[in-house]
file upload-v1.txt (compact mmCIF, C-alpha atoms)
# COMPACT_ATOMS: atom_id res chain seq x y z
CA MET C 1 -11.56 -4.66 69.30
CA THR C 2 -10.89 -3.43 72.84
CA GLN C 3 -14.19 -4.81 74.08
CA TRP C 4 -13.22 -8.38 73.17
CA SER C 5 -10.52 -8.41 75.85
CA GLY C 6 -13.19 -7.60 78.44
CA TYR C 7 -15.39 -10.39 77.20
CA PHE C 8 -12.45 -12.75 77.21
CA GLY C 9 -11.94 -11.82 80.87
CA LEU C 10 -15.53 -12.93 81.53
CA ILE C 11 -14.85 -16.27 79.84
CA LEU C 12 -11.69 -16.73 81.92
CA GLN C 13 -13.66 -16.07 85.12
CA GLY C 14 -16.06 -18.75 83.94
CA ALA C 15 -13.15 -21.11 83.33
CA LEU C 16 -12.01 -20.59 86.93
CA VAL C 17 -15.49 -21.49 88.22
CA THR C 18 -15.51 -24.59 86.00
CA ILE C 19 -12.08 -25.66 87.29
CA GLU C 20 -13.13 -25.02 90.88
CA LEU C 21 -16.29 -27.09 90.41
CA THR C 22 -14.36 -29.91 88.74
CA LEU C 23 -11.81 -30.05 91.57
CA MET C 24 -14.33 -29.90 94.40
CA GLY C 25 -16.65 -32.32 92.64
CA SER C 26 -13.77 -34.75 92.06
CA VAL C 27 -12.80 -34.70 95.74
CA LEU C 28 -16.37 -35.49 96.79
CA ALA C 29 -16.65 -38.12 94.04
CA LEU C 30 -13.41 -39.78 95.13
CA PHE C 31 -14.58 -39.89 98.75
CA MET C 32 -17.99 -41.31 97.80
CA ALA C 33 -16.37 -43.78 95.39
CA PHE C 34 -14.24 -45.36 98.11
CA LEU C 35 -17.04 -45.23 100.67
CA ALA C 36 -19.61 -46.89 98.40
CA GLY C 37 -17.15 -49.12 96.55
CA MET C 38 -15.82 -50.60 99.79
CA GLY C 39 -19.37 -50.63 101.16
CA ARG C 40 -20.42 -52.98 98.37
CA LEU C 41 -17.66 -55.37 99.40
CA SER C 42 -18.53 -55.20 103.09
CA ARG C 43 -19.28 -58.23 105.22
CA PHE C 44 -22.41 -56.53 106.59
CA PHE C 45 -25.63 -56.82 104.61
CA ILE C 46 -26.87 -53.38 105.66
CA LEU C 47 -23.75 -51.62 104.36
CA ARG C 48 -23.92 -53.55 101.09
CA ALA C 49 -27.60 -52.65 100.68
CA LEU C 50 -27.00 -48.95 101.42
CA ALA C 51 -24.07 -48.75 98.99
CA THR C 52 -26.01 -50.56 96.25
CA ALA C 53 -29.04 -48.31 96.71
CA TYR C 54 -26.84 -45.20 96.49
CA ILE C 55 -25.04 -46.43 93.37
CA GLU C 56 -28.16 -47.59 91.54
CA PHE C 57 -30.07 -44.42 92.39
CA PHE C 58 -27.41 -42.01 91.21
CA ARG C 59 -26.52 -44.03 88.13
CA GLY C 60 -30.17 -44.58 87.27
CA THR C 61 -31.32 -40.97 87.19
CA SER C 62 -29.82 -38.23 85.11
CA ILE C 63 -27.28 -35.75 86.53
CA PHE C 64 -29.48 -32.98 85.21
CA VAL C 65 -32.50 -34.12 87.22
CA GLN C 66 -30.35 -34.63 90.34
CA LEU C 67 -29.00 -31.10 90.05
CA PHE C 68 -32.45 -29.60 89.66
CA TRP C 69 -33.69 -31.67 92.54
CA ALA C 70 -30.85 -30.46 94.76
CA TYR C 71 -31.39 -26.85 93.78
CA PHE C 72 -35.17 -26.53 93.51
CA VAL C 73 -36.67 -29.27 95.71
CA LEU C 74 -34.33 -29.32 98.72
CA PRO C 75 -35.25 -25.71 99.70
CA PHE C 76 -38.86 -26.85 100.19
CA ILE C 77 -37.78 -29.36 102.82
CA GLY C 78 -35.67 -26.73 104.52
CA ILE C 79 -32.23 -27.21 102.98
CA SER C 80 -31.20 -24.16 100.99
CA LEU C 81 -28.05 -24.59 98.92
CA THR C 82 -26.16 -22.01 96.93
CA PRO C 83 -25.80 -22.91 93.25
CA LEU C 84 -22.15 -23.81 93.87
CA GLN C 85 -23.01 -26.13 96.77
CA ALA C 86 -25.82 -27.76 94.79
CA GLY C 87 -23.50 -28.19 91.82
CA VAL C 88 -20.68 -29.77 93.80
CA LEU C 89 -23.13 -32.01 95.66
CA ALA C 90 -24.91 -33.28 92.55
CA LEU C 91 -21.73 -33.70 90.47
CA GLY C 92 -19.79 -35.37 93.27
CA LEU C 93 -22.56 -37.78 94.22
CA ASN C 94 -23.33 -38.65 90.60
CA VAL C 95 -19.78 -39.28 89.43
CA GLY C 96 -18.99 -40.90 92.78
CA ALA C 97 -21.60 -43.56 92.04
CA TYR C 98 -19.93 -44.42 88.73
CA ALA C 99 -16.47 -44.37 90.29
CA ALA C 100 -17.67 -46.63 93.15
CA GLU C 101 -18.17 -49.41 90.61
CA VAL C 102 -14.61 -48.79 89.41
CA VAL C 103 -13.30 -49.16 92.97
CA ARG C 104 -15.25 -52.37 93.46
CA GLY C 105 -14.12 -53.81 90.13
CA ALA C 106 -10.48 -52.94 90.76
CA ILE C 107 -10.45 -54.45 94.23
CA GLN C 108 -12.12 -57.60 92.95
CA SER C 109 -9.63 -57.82 90.09
CA ILE C 110 -6.77 -58.39 92.57
CA GLY C 111 -5.98 -62.09 92.56
CA ARG C 112 -6.94 -64.51 95.31
CA GLU C 113 -3.31 -65.29 96.02
CA GLN C 114 -2.78 -61.73 97.27
CA TYR C 115 -5.52 -62.18 99.88
CA GLU C 116 -4.11 -65.56 100.83
CA ALA C 117 -0.65 -64.02 101.20
CA CYS C 118 -2.19 -61.41 103.56
CA THR C 119 -3.67 -64.19 105.66
CA ALA C 120 -0.37 -66.07 105.61
CA LEU C 121 1.45 -62.96 106.85
CA ASN C 122 -1.15 -62.59 109.58
CA LEU C 123 -2.29 -59.15 108.39
CA GLY C 124 -5.66 -57.89 109.59
CA ARG C 125 -8.44 -57.01 107.11
CA TRP C 126 -7.54 -53.32 107.14
CA GLN C 127 -3.79 -53.88 107.13
CA GLY C 128 -4.07 -56.18 104.14
CA MET C 129 -6.33 -53.69 102.35
CA ARG C 130 -4.08 -50.74 103.13
CA HIS C 131 -0.65 -52.26 102.41
CA VAL C 132 -1.28 -55.01 99.88
CA ILE C 133 -4.56 -54.75 98.01
CA LEU C 134 -5.12 -50.99 97.59
CA PRO C 135 -1.64 -50.10 96.27
CA GLN C 136 -2.21 -52.58 93.45
CA ALA C 137 -5.90 -51.79 92.95
CA LEU C 138 -5.27 -48.02 92.74
CA LEU C 139 -3.20 -48.53 89.63
CA VAL C 140 -6.05 -50.44 88.00
CA MET C 141 -8.52 -47.69 88.97
CA LEU C 142 -6.48 -44.71 87.80
CA PRO C 143 -7.16 -44.74 84.03
CA THR C 144 -10.90 -45.09 84.58
CA PHE C 145 -10.80 -42.41 87.28
CA GLY C 146 -9.26 -40.15 84.64
CA ASN C 147 -12.19 -40.84 82.33
CA ASN C 148 -14.59 -40.19 85.19
CA ALA C 149 -12.91 -36.85 85.91
CA ILE C 150 -13.36 -35.86 82.27
CA GLU C 151 -17.01 -36.90 82.47
CA LEU C 152 -17.31 -34.69 85.55
CA LEU C 153 -15.68 -31.77 83.74
CA LYS C 154 -18.16 -32.14 80.91
CA ALA C 155 -21.07 -32.45 83.32
CA THR C 156 -20.16 -29.10 84.94
CA ALA C 157 -21.63 -27.39 81.87
CA VAL C 158 -25.05 -28.34 83.24
CA VAL C 159 -24.68 -26.07 86.29
CA SER C 160 -24.98 -23.04 84.01
CA LEU C 161 -28.69 -23.88 83.97
CA ILE C 162 -29.01 -23.21 87.71
CA SER C 163 -27.42 -19.79 87.18
CA LEU C 164 -23.89 -20.62 88.31
CA ALA C 165 -21.45 -18.47 86.31
CA ASP C 166 -19.29 -21.20 84.76
CA LEU C 167 -17.81 -21.27 81.23
CA THR C 168 -21.06 -22.12 79.48
CA PHE C 169 -22.97 -19.47 81.44
CA GLN C 170 -20.41 -16.77 80.61
CA ALA C 171 -20.50 -17.77 76.95
CA GLN C 172 -24.28 -17.19 77.02
CA VAL C 173 -23.66 -13.78 78.66
CA VAL C 174 -21.15 -12.81 75.98
CA ARG C 175 -23.54 -14.07 73.33
CA SER C 176 -26.43 -11.98 74.59
CA GLN C 177 -24.27 -8.86 74.95
CA THR C 178 -22.43 -8.99 71.63
CA GLY C 179 -24.95 -10.84 69.49
CA ASN C 180 -22.07 -12.99 68.30
CA THR C 181 -22.59 -16.72 68.81
CA MET C 182 -19.76 -18.29 66.90
CA VAL C 183 -16.82 -16.75 68.80
CA PRO C 184 -17.82 -17.42 72.44
CA PHE C 185 -19.04 -20.96 71.84
CA THR C 186 -16.04 -21.96 69.76
CA THR C 187 -13.74 -20.48 72.42
CA ILE C 188 -15.31 -22.41 75.27
CA LEU C 189 -15.36 -25.64 73.26
CA PHE C 190 -11.59 -25.33 72.92
CA ILE C 191 -11.15 -24.42 76.60
CA TYR C 192 -13.13 -27.51 77.64
CA PHE C 193 -11.08 -29.65 75.28
CA ILE C 194 -7.79 -28.29 76.66
CA LEU C 195 -8.95 -28.92 80.22
CA ALA C 196 -9.89 -32.49 79.27
CA LEU C 197 -6.45 -32.99 77.69
CA LEU C 198 -4.83 -31.65 80.87
CA ILE C 199 -6.74 -34.15 83.00
CA SER C 200 -5.82 -37.12 80.82
CA TRP C 201 -2.18 -35.98 80.72
CA GLY C 202 -2.12 -35.55 84.51
CA VAL C 203 -3.63 -38.97 85.10
CA ARG C 204 -1.17 -40.61 82.73
CA SER C 205 1.85 -39.09 84.47
CA LEU C 206 0.41 -40.02 87.88
CA GLU C 207 -0.04 -43.56 86.60
CA ARG C 208 3.63 -43.73 85.55
CA ARG C 209 4.73 -42.47 88.97
CA MET C 210 2.58 -44.95 90.86
CA ALA C 211 3.60 -47.86 88.66
CA ARG C 212 7.25 -47.30 89.55
CA GLY C 213 7.25 -49.26 92.81
CA LEU C 214 5.24 -52.11 91.35
CA ASP C 215 7.56 -53.25 88.56
CA GLY C 216 6.97 -56.86 87.68
CA VAL C 217 4.14 -57.32 90.19
CA ARG C 218 1.29 -57.17 87.72
CA VAL C 219 -0.24 -55.30 84.78
CA MET Z 1 -44.65 -27.80 101.61
CA GLU Z 2 -46.37 -31.17 101.46
CA TRP Z 3 -46.51 -33.78 98.72
CA ASP Z 4 -49.88 -33.40 96.96
CA TRP Z 5 -51.24 -36.44 95.10
CA ASN Z 6 -54.06 -34.46 93.43
CA PHE Z 7 -51.47 -32.21 91.88
CA VAL Z 8 -49.54 -35.27 90.73
CA TRP Z 9 -52.56 -36.64 88.81
CA GLN Z 10 -53.27 -33.18 87.43
CA ILE Z 11 -49.82 -32.80 85.87
CA MET Z 12 -49.40 -36.44 84.81
CA PRO Z 13 -50.80 -36.04 81.23
CA THR Z 14 -48.37 -33.18 80.54
CA LEU Z 15 -45.44 -35.21 81.81
CA ILE Z 16 -46.48 -38.23 79.71
CA GLN Z 17 -46.34 -35.95 76.65
CA GLY Z 18 -42.77 -35.16 77.66
CA VAL Z 19 -41.88 -38.83 78.16
CA LYS Z 20 -42.94 -39.54 74.56
CA ILE Z 21 -40.59 -36.87 73.20
CA THR Z 22 -37.79 -38.09 75.50
CA ILE Z 23 -38.14 -41.65 74.19
CA LEU Z 24 -38.42 -40.47 70.59
CA ALA Z 25 -35.24 -38.41 70.94
CA THR Z 26 -33.43 -41.38 72.51
CA LEU Z 27 -34.48 -43.77 69.73
CA LEU Z 28 -33.56 -41.40 66.89
CA GLY Z 29 -30.33 -40.45 68.65
CA SER Z 30 -29.43 -44.13 69.10
CA VAL Z 31 -29.94 -44.87 65.42
CA LEU Z 32 -27.81 -41.87 64.45
CA ALA Z 33 -25.12 -42.77 67.02
CA ALA Z 34 -24.96 -46.34 65.70
CA ILE Z 35 -24.45 -45.07 62.14
CA VAL Z 36 -22.03 -42.26 63.04
CA GLY Z 37 -20.02 -44.61 65.25
CA LEU Z 38 -19.63 -47.14 62.46
CA GLY Z 39 -18.56 -44.36 60.10
CA ILE Z 40 -15.95 -43.08 62.55
CA ALA Z 41 -14.65 -46.59 63.30
CA LEU Z 42 -14.27 -47.39 59.59
CA ALA Z 43 -12.67 -43.99 58.82
CA ARG Z 44 -10.12 -44.49 61.60
CA ARG Z 45 -9.11 -47.83 60.10
CA SER Z 46 -8.71 -46.29 56.67
CA PRO Z 47 -5.20 -46.60 55.15
CA ASN Z 48 -5.52 -42.92 54.16
CA LYS Z 49 -3.56 -41.26 57.02
CA ALA Z 50 -5.06 -37.78 56.46
CA LEU Z 51 -8.60 -39.14 56.76
CA SER Z 52 -7.97 -41.35 59.79
CA ARG Z 53 -6.04 -38.62 61.67
CA THR Z 54 -8.66 -35.93 61.00
CA VAL Z 55 -11.57 -38.14 62.01
CA GLY Z 56 -9.60 -39.33 65.05
CA PHE Z 57 -8.96 -35.79 66.22
CA LEU Z 58 -12.56 -34.71 65.63
CA ALA Z 59 -13.88 -37.70 67.58
CA GLU Z 60 -11.46 -36.95 70.42
CA PHE Z 61 -12.58 -33.32 70.41
CA ILE Z 62 -16.29 -34.16 70.51
CA ARG Z 63 -15.68 -36.65 73.32
CA GLY Z 64 -13.70 -34.09 75.34
CA THR Z 65 -16.28 -31.30 75.29
CA PRO Z 66 -19.69 -31.09 77.00
CA LEU Z 67 -22.81 -32.21 75.18
CA LEU Z 68 -24.65 -29.11 76.40
CA VAL Z 69 -22.19 -26.78 74.67
CA GLN Z 70 -22.37 -28.88 71.50
CA LEU Z 71 -26.16 -28.60 71.57
CA TYR Z 72 -25.89 -24.81 71.93
CA PHE Z 73 -23.41 -24.80 69.09
CA ILE Z 74 -25.71 -26.76 66.77
CA PHE Z 75 -28.79 -24.81 67.75
CA TYR Z 76 -27.41 -21.26 67.97
CA VAL Z 77 -24.29 -21.15 65.80
CA LEU Z 78 -25.37 -23.12 62.73
CA PRO Z 79 -28.21 -20.65 61.92
CA ASP Z 80 -25.46 -18.00 61.47
CA ILE Z 81 -24.20 -19.94 58.46
CA GLY Z 82 -27.70 -20.54 57.16
CA ILE Z 83 -28.56 -23.93 58.66
CA LEU Z 84 -31.75 -23.51 60.66
CA LEU Z 85 -32.78 -26.68 62.49
CA PRO Z 86 -35.92 -27.37 64.53
CA PRO Z 87 -35.01 -27.99 68.21
CA LEU Z 88 -35.71 -31.73 68.16
CA VAL Z 89 -33.61 -32.27 65.02
CA ALA Z 90 -30.75 -30.25 66.50
CA GLY Z 91 -31.02 -32.28 69.70
CA VAL Z 92 -31.00 -35.63 67.91
CA ILE Z 93 -27.98 -34.58 65.83
CA GLY Z 94 -26.17 -33.47 69.00
CA LEU Z 95 -26.94 -36.73 70.84
CA GLY Z 96 -26.09 -38.84 67.81
CA LEU Z 97 -22.75 -37.12 67.15
CA HIS Z 98 -21.69 -37.10 70.80
CA TYR Z 99 -22.54 -40.74 71.46
CA GLY Z 100 -21.32 -41.73 67.99
CA THR Z 101 -17.80 -40.99 69.20
CA TYR Z 102 -18.35 -43.42 72.09
CA THR Z 103 -19.96 -46.16 70.01
CA ALA Z 104 -17.05 -45.82 67.57
CA GLU Z 105 -14.80 -47.25 70.31
CA VAL Z 106 -17.22 -50.15 70.80
CA TYR Z 107 -17.10 -50.91 67.07
CA ARG Z 108 -13.31 -50.63 67.09
CA ALA Z 109 -13.00 -53.12 69.93
CA GLY Z 110 -15.56 -55.42 68.33
CA ILE Z 111 -13.77 -55.41 64.98
CA ASP Z 112 -10.36 -55.87 66.62
CA ASN Z 113 -11.72 -58.88 68.50
CA VAL Z 114 -12.42 -60.81 65.31
CA PRO Z 115 -9.46 -63.21 65.14
CA ARG Z 116 -6.76 -62.63 62.52
CA GLY Z 117 -7.43 -66.08 61.09
CA GLN Z 118 -10.83 -64.91 59.85
CA TRP Z 119 -9.25 -62.13 57.78
CA GLU Z 120 -6.69 -64.54 56.40
CA ALA Z 121 -9.34 -67.15 55.62
CA ALA Z 122 -11.37 -64.51 53.77
CA LYS Z 123 -8.31 -63.62 51.74
CA ALA Z 124 -7.59 -67.31 51.06
CA CYS Z 125 -11.16 -67.74 49.79
CA ASN Z 126 -10.52 -64.83 47.41
CA LEU Z 127 -13.27 -62.60 48.87
CA SER Z 128 -13.22 -58.91 47.99
CA ALA Z 129 -12.93 -56.28 50.74
CA GLY Z 130 -16.68 -55.61 50.61
CA GLN Z 131 -17.53 -59.32 50.79
CA THR Z 132 -15.09 -59.82 53.67
CA TRP Z 133 -16.81 -57.07 55.68
CA THR Z 134 -20.41 -58.03 54.98
CA HIS Z 135 -20.10 -61.81 55.13
CA ILE Z 136 -17.23 -62.51 57.52
CA ILE Z 137 -16.28 -59.62 59.82
CA ILE Z 138 -19.51 -57.74 60.59
CA PRO Z 139 -21.63 -60.85 61.39
CA GLN Z 140 -19.01 -61.96 63.93
CA ALA Z 141 -18.21 -58.52 65.30
CA ILE Z 142 -21.75 -57.25 65.97
CA PRO Z 143 -23.24 -59.70 68.55
CA PRO Z 144 -20.54 -59.21 71.23
CA MET Z 145 -20.93 -55.43 70.82
CA ILE Z 146 -24.66 -55.35 71.51
CA PRO Z 147 -24.52 -55.09 75.33
CA ALA Z 148 -21.89 -52.32 75.19
CA LEU Z 149 -23.89 -50.42 72.59
CA ALA Z 150 -27.06 -50.74 74.65
CA ASN Z 151 -25.13 -49.40 77.64
CA TYR Z 152 -24.34 -46.20 75.73
CA PHE Z 153 -27.93 -45.88 74.54
CA ILE Z 154 -29.07 -45.99 78.17
CA ALA Z 155 -26.48 -43.34 79.00
CA MET Z 156 -27.83 -41.25 76.15
CA PHE Z 157 -31.34 -41.63 77.50
CA LYS Z 158 -30.17 -40.09 80.76
CA GLU Z 159 -28.65 -37.13 78.90
CA THR Z 160 -31.86 -36.23 77.08
CA PRO Z 161 -32.94 -33.68 79.75
CA LEU Z 162 -30.19 -31.46 78.31
CA LEU Z 163 -32.40 -31.02 75.26
CA SER Z 164 -34.65 -28.82 77.39
CA ALA Z 165 -31.88 -26.19 77.21
CA ILE Z 166 -32.49 -25.84 73.48
CA THR Z 167 -36.28 -25.65 73.97
CA VAL Z 168 -37.22 -29.23 73.08
CA LEU Z 169 -40.44 -29.96 74.96
CA GLU Z 170 -39.26 -33.24 76.49
CA LEU Z 171 -39.93 -34.53 80.00
CA MET Z 172 -37.66 -32.11 81.88
CA ASN Z 173 -38.94 -29.08 80.01
CA GLN Z 174 -42.57 -30.05 80.59
CA ALA Z 175 -41.78 -30.48 84.29
CA LYS Z 176 -40.09 -27.08 84.44
CA SER Z 177 -42.99 -25.34 82.72
CA VAL Z 178 -45.47 -27.03 85.07
CA ALA Z 179 -43.31 -26.03 88.03
CA ASN Z 180 -43.12 -22.44 86.85
CA THR Z 181 -46.87 -22.23 86.28
CA TYR Z 182 -47.91 -23.49 89.72
CA TYR Z 183 -44.72 -22.67 91.57
CA ARG Z 184 -44.54 -26.19 92.97
CA TYR Z 185 -41.21 -27.90 92.33
CA ILE Z 186 -41.38 -30.96 94.59
CA GLU Z 187 -43.82 -33.05 92.56
CA PRO Z 188 -42.73 -32.33 88.96
CA ILE Z 189 -38.97 -32.64 89.51
CA THR Z 190 -39.31 -35.69 91.77
CA LEU Z 191 -41.61 -37.34 89.22
CA VAL Z 192 -39.06 -36.72 86.48
CA GLY Z 193 -36.47 -38.44 88.66
CA ALA Z 194 -38.87 -41.32 89.30
CA PHE Z 195 -39.61 -41.72 85.58
CA PHE Z 196 -35.92 -41.88 84.79
CA LEU Z 197 -35.21 -44.31 87.61
CA VAL Z 198 -38.03 -46.65 86.56
CA ILE Z 199 -37.08 -46.64 82.88
CA SER Z 200 -33.38 -47.04 83.75
CA LEU Z 201 -34.07 -50.00 86.05
CA PHE Z 202 -36.09 -51.67 83.30
CA SER Z 203 -33.31 -51.06 80.83
CA VAL Z 204 -30.80 -52.58 83.25
CA VAL Z 205 -32.90 -55.77 83.24
CA LEU Z 206 -32.94 -55.65 79.43
CA LEU Z 207 -29.18 -55.10 79.40
CA ARG Z 208 -28.54 -58.14 81.63
CA TRP Z 209 -30.66 -60.19 79.24
CA LEU Z 210 -28.72 -58.88 76.24
CA GLU Z 211 -25.46 -59.72 78.01
CA ARG Z 212 -26.62 -63.29 78.59
CA ARG Z 213 -27.93 -63.59 75.04
CA TYR Z 214 -25.04 -62.02 73.11
CA GLY Z 215 -22.26 -61.32 75.56
CA LYS Z 216 -20.52 -64.67 75.41
CA ILE Z 217 -18.16 -65.13 72.53
CA GLU Z 218 -17.88 -68.72 71.38
CA ARG Z 219 -14.43 -69.64 70.25

call {"tool": "encode", "arguments": {"input": "upload-v1.txt", "output": "structure tokens"}}
result
Amino acid sequence: MTQWSGYFGLILQGALVTIELTLMGSVLALFMAFLAGMGRLSRFFILRALATAYIEFFRGTSIFVQLFWAYFVLPFIGISLTPLQAGVLALGLNVGAYAAEVVRGAIQSIGREQYEACTALNLGRWQGMRHVILPQALLVMLPTFGNNAIELLKATAVVSLISLADLTFQAQVVRSQTGNTMVPFTTILFIYFILALLISWGVRSLERRMARGLDGVRV
Amino acid sequence: MEWDWNFVWQIMPTLIQGVKITILATLLGSVLAAIVGLGIALARRSPNKALSRTVGFLAEFIRGTPLLVQLYFIFYVLPDIGILLPPLVAGVIGLGLHYGTYTAEVYRAGIDNVPRGQWEAAKACNLSAGQTWTHIIIPQAIPPMIPALANYFIAMFKETPLLSAITVLELMNQAKSVANTYYRYIEPITLVGAFFLVISLFSVVLLRWLERRYGKIER
């Protein structure tokens, strides 16, 4: 029985890597989402075209292929990434493309009258965006961002295939060392589920906090 | 290392073999997901609280955990209790179950969108529960769902490379074996990406058409 505690330690280490990947990937995804989402709404054709190309490319190919491409093909053109860097890059860019559409949709969902009010108050494009549109749009984005973060968490399992020691990888290690399949895989399924619950709980409480100042405005 | 077109033509037949398996897995998985989703949606509407709660929790659990781990579970854990599945069957079951929990939500929304008056009219015409479903509710609920369902089937298509982790010889696995034989990663992995991008772009066109054809709900 003593050995199980050691194996459980391995799984916990894996959980830390998974959490780390999810956090770093989410930060990159959030950054890319706003960059590309606003890019699609830009006045300049070139920015719109770049943002659309990025979104369509990363939504059109599978995360798995993107990860392998980042890890195995980039070294041949001189960019060597560690598994962690490749994982964060692929996850962040992939989920960022999905989230960019959320940003665009949320900004477009804000009514015309809000933009007209900005003009009436003589706010500049950025001022209006920063003080009027985004505070309302963020609230619309949040629930979907939560779903995207859970998708990202689930996608981190794929990095085990480029030899990054996350939960799934450690479960495979435990499996090959103990010959027991049921225990490690059931354990990690529950850990993933708990992490997903934590994300959705966190997003819900964030949503309540952000909605506080906007009582009676909309939604 | 340079891009080599001769090598591309040399490996093309192998990759085409993989594409066939990828498409086969997607089609079978879609059929299973459509059936499983309907089952989950109906079970969650059941007046039997125990049934609807259990199915609801299971669906939530499957949606909150990574497909890759579920595939490992089906492929490596089930043999322990005497269920030995060929890789492709295990993969299709994994895809179907995972996406079934997503399509269940589409069915739920579709069924909820049928106006109350239709249920009441069915009752007024003295139709039995079975007749109400087959003649009144399902025919009205299905068409608006089609674009959303197709969306999930495209998402499933992009997840099929995960099947390579449980030794299904689909596109990604063929590409990896080619890459390992010749130690050239650029062409195979890039081609896999290109295949996915091309098929995804075509399916986006198909999706737009489906949206135009079925998306509008006449009231």

call {"tool": "residues_around", "arguments": {"input": "upload-v1.txt", "residues": "range 47-64 of chain C", "least_positions_apart": "6", "cutoff": "7 Å", "atoms": "all atoms listed in the file", "output": "JSON, numbers by chain"}}
result
{"C": [36, 39, 40, 41, 90, 94, 97, 98, 158], "Z": [158, 159, 161, 193, 196, 197, 200, 201]}

call {"tool": "closest_atom_pairs", "arguments": {"input": "upload-v1.txt", "of": "chain Z", "to": "chain C", "cutoff": "10 Å", "atoms": "only C-alpha atoms", "output": "tab-separated table"}}
result
residue	atom	partner	partner_atom	distance
Z:Met1	CA	C:Phe76	CA	6.0
Z:Glu2	CA	C:Phe76	CA	8.8
Z:Glu60	CA	C:Phe193	CA	8.8
Z:Phe61	CA	C:Phe193	CA	6.3
Z:Ile62	CA	C:Phe193	CA	8.4
Z:Arg63	CA	C:Phe193	CA	8.6
Z:Gly64	CA	C:Phe193	CA	5.2
Z:Thr65	CA	C:Phe193	CA	5.5
Z:Pro66	CA	C:Lys154	CA	4.3
Z:Leu67	CA	C:Lys154	CA	7.4
Z:Leu68	CA	C:Ala157	CA	6.5
Z:Val69	CA	C:Thr168	CA	6.8
Z:Gln70	CA	C:Leu189	CA	7.9
Z:Tyr72	CA	C:Phe185	CA	7.9
Z:Phe73	CA	C:Phe185	CA	6.4
Z:Tyr76	CA	C:Thr181	CA	6.7
Z:Val77	CA	C:Met182	CA	5.5
Z:Leu78	CA	C:Met182	CA	8.5
Z:Pro79	CA	C:Thr181	CA	9.7
Z:Asp80	CA	C:Met182	CA	7.9
Z:Ile81	CA	C:Met182	CA	9.7
Z:Ile154	CA	C:Gly60	CA	9.3
Z:Ala155	CA	C:Ser62	CA	8.6
Z:Met156	CA	C:Ser62	CA	9.7
Z:Phe157	CA	C:Ser62	CA	8.5
Z:Lys158	CA	C:Ser62	CA	4.7
Z:Glu159	CA	C:Ser62	CA	6.4
Z:Thr160	CA	C:Ser62	CA	8.5
Z:Pro161	CA	C:Phe64	CA	6.5
Z:Leu162	CA	C:Phe64	CA	7.1
Z:Ala165	CA	C:Leu161	CA	7.8
Z:Met172	CA	C:Val65	CA	7.7
Z:Lys176	CA	C:Phe68	CA	9.6
Z:Ala179	CA	C:Phe72	CA	9.8
Z:Arg184	CA	C:Val73	CA	8.9
Z:Tyr185	CA	C:Val73	CA	5.8
Z:Ile186	CA	C:Val73	CA	5.1
Z:Glu187	CA	C:Val73	CA	8.7
Z:Pro188	CA	C:Val73	CA	9.6
Z:Ile189	CA	C:Trp69	CA	6.2
Z:Thr190	CA	C:Trp69	CA	7.0
Z:Leu191	CA	C:Val65	CA	9.9
Z:Val192	CA	C:Val65	CA	7.1
Z:Gly193	CA	C:Thr61	CA	5.9
Z:Ala194	CA	C:Thr61	CA	7.8
Z:Phe195	CA	C:Thr61	CA	8.5
Z:Phe196	CA	C:Thr61	CA	5.3
Z:Leu197	CA	C:Gly60	CA	5.1
Z:Val198	CA	C:Gly60	CA	8.2
Z:Ile199	CA	C:Gly60	CA	8.4
Z:Ser200	CA	C:Gly60	CA	5.4
Z:Leu201	CA	C:Gly60	CA	6.8
Z:Ser203	CA	C:Gly60	CA	9.7
Z:Val204	CA	C:Gly60	CA	9.0

call {"tool": "atom_distance", "arguments": {"input": "upload-v1.txt", "atom1": "CA of Phe7 in chain Z", "atom2": "CA of Thr167 in chain Z"}}
result
24.4 Å

call {"tool": "atom_distance", "arguments": {"input": "upload-v1.txt", "atom1": "CA of Thr22 in chain Z", "atom2": "CA of Leu88 in chain Z"}}
result
9.9 Å

call {"tool": "atom_distance", "arguments": {"input": "upload-v1.txt", "atom1": "CA of Gln170 in chain C", "atom2": "CA of Gly100 in chain Z"}}
result
28.0 Å

call {"tool": "residues_around", "arguments": {"input": "upload-v1.txt", "residues": "Ile93 in chain Z", "least_positions_apart": "4", "cutoff": "8 Å", "atoms": "all atoms listed in the file", "output": "PyMOL selection string"}}
result
chain Z and resi 29+32+89+97

call {"tool": "write_last_selection", "arguments": {"input": "upload-v1.txt", "atoms": "C-alpha atoms", "output": "PDB file, in the frame of the given file"}}
result
ATOM      1  CA  GLY Z  29     -30.330 -40.450  68.650  1.00  0.00           C
ATOM      2  CA  LEU Z  32     -27.810 -41.870  64.450  1.00  0.00           C
ATOM      3  CA  VAL Z  89     -33.610 -32.270  65.020  1.00  0.00           C
ATOM      4  CA  LEU Z  97     -22.750 -37.120  67.150  1.00  0.00           C
TER       5      LEU Z  97
END

call {"tool": "residues_around", "arguments": {"input": "upload-v1.txt", "residues": "Val92 in chain Z", "least_positions_apart": "3", "cutoff": "10 Å", "atoms": "all atoms listed in the file", "output": "ChimeraX atom specification"}}
result
/Z:24-33,71,87-89,95-98,160,163

call {"tool": "decode", "arguments": {"input": "upload-v1.txt", "residues": "range 104-113 of chain Z", "atoms": "C-alpha atoms", "output": "CSV table (one decimal), in the first residue's frame"}}
result
chain,number,residue,atom,x,y,z
Z,104,ALA,CA,-27.7,16.4,-26.3
Z,105,GLU,CA,-27.7,20.1,-25.5
Z,106,VAL,CA,-28.6,20.9,-29.2
Z,107,TYR,CA,-31.5,18.5,-29.0
Z,108,ARG,CA,-32.6,20.0,-25.7
Z,109,ALA,CA,-32.6,23.5,-27.1
Z,110,GLY,CA,-34.4,22.3,-30.3
Z,111,ILE,CA,-37.1,20.6,-28.3
Z,112,ASP,CA,-37.5,23.5,-25.9
Z,113,ASN,CA,-37.9,25.8,-28.9
